[in-house]
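What follows is a short report on a single structure.
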Amino acid sequence: MTQTLVPPVAARAPVKLATIVQSLSGKLWFLTAAAGQLMFIYYILVAYIPRTVGGQFERWNETGLITGHVPGDGFGNLMFITHVLLAAVMTMAGLMQLTAPLRNWAPRLHRMSGRVFLVLAVYLALGGIWMIWMRGSRISDLTGLSTTLDGLLILFFAGMTLNFALKRQIARHRPWAMRLFIAASAVWYLRIFYSAWFLSVGAVGVSRGMDGWFDYTVNFASYLLPLAGLELYLLAQASRSASLKWTSAIITFAGAGVTALGAVGATLIMWGPHL
């Protein structure tokens with residue numbers, strides 16, 4: 001009896017191709033996300049620094065905030081503006097963490113930016129929870145709960161990221177750092193998803209009071225959906241299944257497309273008018 005055997009090299013070829021495509025999808029997502037986040041950073045700096053330095057604190061509210069400058073609330077106003085400006089620093093530090101060439105060429109800078117990112121992510125998560133429930137910076141209790149859940153995830157991911165970094169278990173540290181980056185980017189992703197939705201289908205499910213079905217859904221989706229995509233990406237990356245890698249690549253390519261569309265939309269609709 002004869003038996004036909006598939007040559008090992010031929011058997012590995014589909015997996016190798018799927019691995020390459022999946023890696024390319026991850027790189028494309030990062031490039032679109034980096035471009036969008038750099039624009040977000042630019043918006044924060046231009047929209048808030050001149051107003052703050054010039055003492056025009058009441059003009060913070062021109063950017064459409066839930067609770068920005070409140071006359072007589074010195075501590076709350078200080079918490080708000082430090083939260084906004086430090087978010088720009090945290091976002092830049094997070095991008096530096098995910099930039100592979102920087103990791104390889106400047107490991108000391110990578111470690112320093114990692115510490116900055118971790119500390120600011122924790123501070124902003126705690127500050128955000130305080131502003132939601134103590135300052136009333138929420139549209140509803142449900143949206144406040146959504147943001148609080150994201151803050152708690154940030155704290156958990158930060159703890160796991162630090163734990164494996166201190167143990168020098170880099171292979172286990174990296175996935176938690178990526179989860180932390182996604183969770184800490186929820187405010188940015190909220191704007192990306194809103195903008196992509198508006199450009200695609202208009203104001204379906206969106207109300208002026210921001211209490212439509214899409215308004216509530218996107219508050220949770222702003223971090224749960226990217227986190228789910230990341231988990232699939234990590235699972236496929238560690239798998240030998242070509243089909244799983246292709247599935248992950250297709251979803252990641254789609255995510256990059258949504259991110260690019262949303263970044264363009266946010267720049268034109270949300271940020272551009274205030275620059």
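Note on naming: chains are A, B, ... as they come in the structure tokens, residues start from 1 per chain, ligands start from 1 in the order shown.
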If we count only C-alpha atoms, what is near A:Ser25 at a cut-off of 12 Å, once residues fewer than 6 positions away on the same chain are taken out, given as a PyMOL selection string?
chain A and resi 18-19+31-32+229-230+233+237+245-257
Which neighbours of A:Arg179 fall inside 12 Å, counting only C-alpha atoms, when residues of the same chain fewer than 5 positions from it are skipped, and could you give them as an mmCIF file with C-alpha atoms, in the first residue's frame?
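Just written: around-v9.cif:
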data_model
loop_
_atom_site.group_PDB
_atom_site.id
_atom_site.type_symbol
_atom_site.label_atom_id
_atom_site.label_comp_id
_atom_site.auth_asym_id
_atom_site.auth_seq_id
_atom_site.Cartn_x
_atom_site.Cartn_y
_atom_site.Cartn_z
ATOM 1 C CA GLY A 94 2.055 54.878 24.121
ATOM 2 C CA LEU A 98 4.542 50.270 20.064
ATOM 3 C CA LEU A 118 2.124 53.414 32.646
ATOM 4 C CA ALA A 121 -2.504 55.731 32.259
ATOM 5 C CA ASP A 150 -12.662 51.035 30.990
ATOM 6 C CA LEU A 153 -9.522 47.603 32.923
ATOM 7 C CA ILE A 154 -6.736 50.155 32.542
ATOM 8 C CA LEU A 155 -5.757 49.685 36.190
ATOM 9 C CA PHE A 156 -5.780 45.893 35.828
ATOM 10 C CA PHE A 157 -3.813 45.904 32.573
ATOM 11 C CA ALA A 158 -1.315 48.358 34.061
ATOM 12 C CA GLY A 159 -0.776 46.069 37.044
ATOM 13 C CA MET A 160 -0.157 43.042 34.821
ATOM 14 C CA THR A 161 2.113 45.040 32.504
ATOM 15 C CA ARG A 172 4.350 37.983 28.707
ATOM 16 C CA HIS A 173 4.766 41.712 29.333
ATOM 17 C CA ARG A 174 4.190 42.772 25.716
ATOM 18 C CA ALA A 184 -6.143 53.780 27.399
ATOM 19 C CA SER A 185 -7.075 54.824 23.848
ATOM 20 C CA ALA A 186 -10.827 54.417 24.387
ATOM 21 C CA TYR A 223 -12.628 49.682 24.012
ATOM 22 C CA LEU A 224 -14.298 46.243 23.997
ATOM 23 C CA LEU A 225 -14.286 45.943 20.190
ATOM 24 C CA PRO A 226 -10.579 46.878 19.718
ATOM 25 C CA LEU A 227 -9.672 44.630 22.656
ATOM 26 C CA ALA A 228 -11.519 41.721 21.036
ATOM 27 C CA GLY A 229 -9.655 42.379 17.784
ATOM 28 C CA LEU A 230 -6.358 42.418 19.660
ATOM 29 C CA GLU A 231 -7.118 39.129 21.425
ATOM 30 C CA TYR A 233 -4.668 38.922 16.639
ATOM 31 C CA LEU A 234 -2.575 37.589 19.531
#
Enter the distance from atom CA of A:Ala177 to atom CA of A:Ala221, in Å, rounded to one decimal.
19.7 Å
Selection: 8 Å around A:Leu142, only C-alpha atoms, excl. self and same-chain fewer than 3 positions, as a PyMOL selection string
chain A and resi 145-146+216
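Note that the spacing between atom CA of A:Val201 and atom CA of A:Phe214 amounts to 11.6 Å.
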All residues 12 Å or closer to A:Pro273, only C-alpha atoms, same chain fewer than 5 positions away omitted, as JSON, numbers by chain:
{"A": [43, 46, 47, 62, 63, 64, 265, 266, 267, 268]}
Go ahead and save the picked residues with N, CA, C and O atoms, as a PDB file, in the first residue's frame.
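Contents of the output file selection_25.pdb:
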ATOM      1  N   TYR A  43      -4.439  68.350  18.060  1.00  0.00           N
ATOM      2  CA  TYR A  43      -5.682  69.041  18.414  1.00  0.00           C
ATOM      3  C   TYR A  43      -5.682  69.469  19.884  1.00  0.00           C
ATOM      4  O   TYR A  43      -6.018  70.611  20.211  1.00  0.00           O
ATOM      5  N   VAL A  46      -3.186  72.440  20.396  1.00  0.00           N
ATOM      6  CA  VAL A  46      -3.601  73.701  19.784  1.00  0.00           C
ATOM      7  C   VAL A  46      -4.884  74.243  20.411  1.00  0.00           C
ATOM      8  O   VAL A  46      -5.037  75.454  20.598  1.00  0.00           O
ATOM      9  N   ALA A  47      -5.804  73.352  20.748  1.00  0.00           N
ATOM     10  CA  ALA A  47      -7.103  73.793  21.256  1.00  0.00           C
ATOM     11  C   ALA A  47      -7.051  74.222  22.718  1.00  0.00           C
ATOM     12  O   ALA A  47      -7.859  75.063  23.139  1.00  0.00           O
ATOM     13  N   GLU A  62     -15.680  75.737  24.498  1.00  0.00           N
ATOM     14  CA  GLU A  62     -16.000  75.889  23.080  1.00  0.00           C
ATOM     15  C   GLU A  62     -15.788  74.599  22.295  1.00  0.00           C
ATOM     16  O   GLU A  62     -16.262  74.465  21.175  1.00  0.00           O
ATOM     17  N   THR A  63     -15.085  73.642  22.895  1.00  0.00           N
ATOM     18  CA  THR A  63     -14.787  72.394  22.187  1.00  0.00           C
ATOM     19  C   THR A  63     -15.858  71.329  22.402  1.00  0.00           C
ATOM     20  O   THR A  63     -15.663  70.168  22.048  1.00  0.00           O
ATOM     21  N   GLY A  64     -16.981  71.699  23.021  1.00  0.00           N
ATOM     22  CA  GLY A  64     -18.102  70.772  23.156  1.00  0.00           C
ATOM     23  C   GLY A  64     -17.930  69.753  24.254  1.00  0.00           C
ATOM     24  O   GLY A  64     -18.190  68.556  24.054  1.00  0.00           O
ATOM     25  N   GLY A 265     -12.528  61.592   9.438  1.00  0.00           N
ATOM     26  CA  GLY A 265     -13.782  62.204   9.850  1.00  0.00           C
ATOM     27  C   GLY A 265     -13.636  63.043  11.108  1.00  0.00           C
ATOM     28  O   GLY A 265     -14.170  64.154  11.192  1.00  0.00           O
ATOM     29  N   ALA A 266     -12.914  62.521  12.101  1.00  0.00           N
ATOM     30  CA  ALA A 266     -12.723  63.261  13.345  1.00  0.00           C
ATOM     31  C   ALA A 266     -11.951  64.555  13.100  1.00  0.00           C
ATOM     32  O   ALA A 266     -12.247  65.591  13.698  1.00  0.00           O
ATOM     33  N   THR A 267     -10.963  64.479  12.221  1.00  0.00           N
ATOM     34  CA  THR A 267     -10.185  65.677  11.902  1.00  0.00           C
ATOM     35  C   THR A 267     -11.066  66.749  11.249  1.00  0.00           C
ATOM     36  O   THR A 267     -10.971  67.933  11.577  1.00  0.00           O
ATOM     37  N   LEU A 268     -11.933  66.319  10.351  1.00  0.00           N
ATOM     38  CA  LEU A 268     -12.781  67.271   9.634  1.00  0.00           C
ATOM     39  C   LEU A 268     -13.960  67.765  10.470  1.00  0.00           C
ATOM     40  O   LEU A 268     -14.311  68.952  10.436  1.00  0.00           O
TER      41      LEU A 268
END
Could you jot down the atom CA of A:Arg191 to atom CA of A:Arg208 separation for me, Å, one decimal place?
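Going from atom CA of A:Arg191 over to atom CA of A:Arg208, I get 15.6 Å.
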Residue neighbourhood A:His110, 12 Å, only C-alpha atoms, exclusion window fewer than 5 positions, as a list of chain:residue names:
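Residues near the query, excluding close chain neighbours: A:Met92, A:Ala93, A:Gly94, A:Leu95, A:Met96, A:Gln97, A:Leu98, A:Thr99, A:Ala100, A:Pro101, A:Leu102, A:Arg103, A:Asn104, A:Trp105, A:Arg115, A:Val116, A:Phe117.
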Tell me which protein, DNA and RNA residues are within 9 Å of A:Trp60, counting only C-alpha atoms, leaving out same-chain ones fewer than 2 positions away, and put them as a list in words.
Ala47, Tyr48, Arg51, Thr52, Gln56, Phe57, Glu58, Glu62, Thr63, Gly64, Leu65, Gly68, His69 and Ile81 of chain A
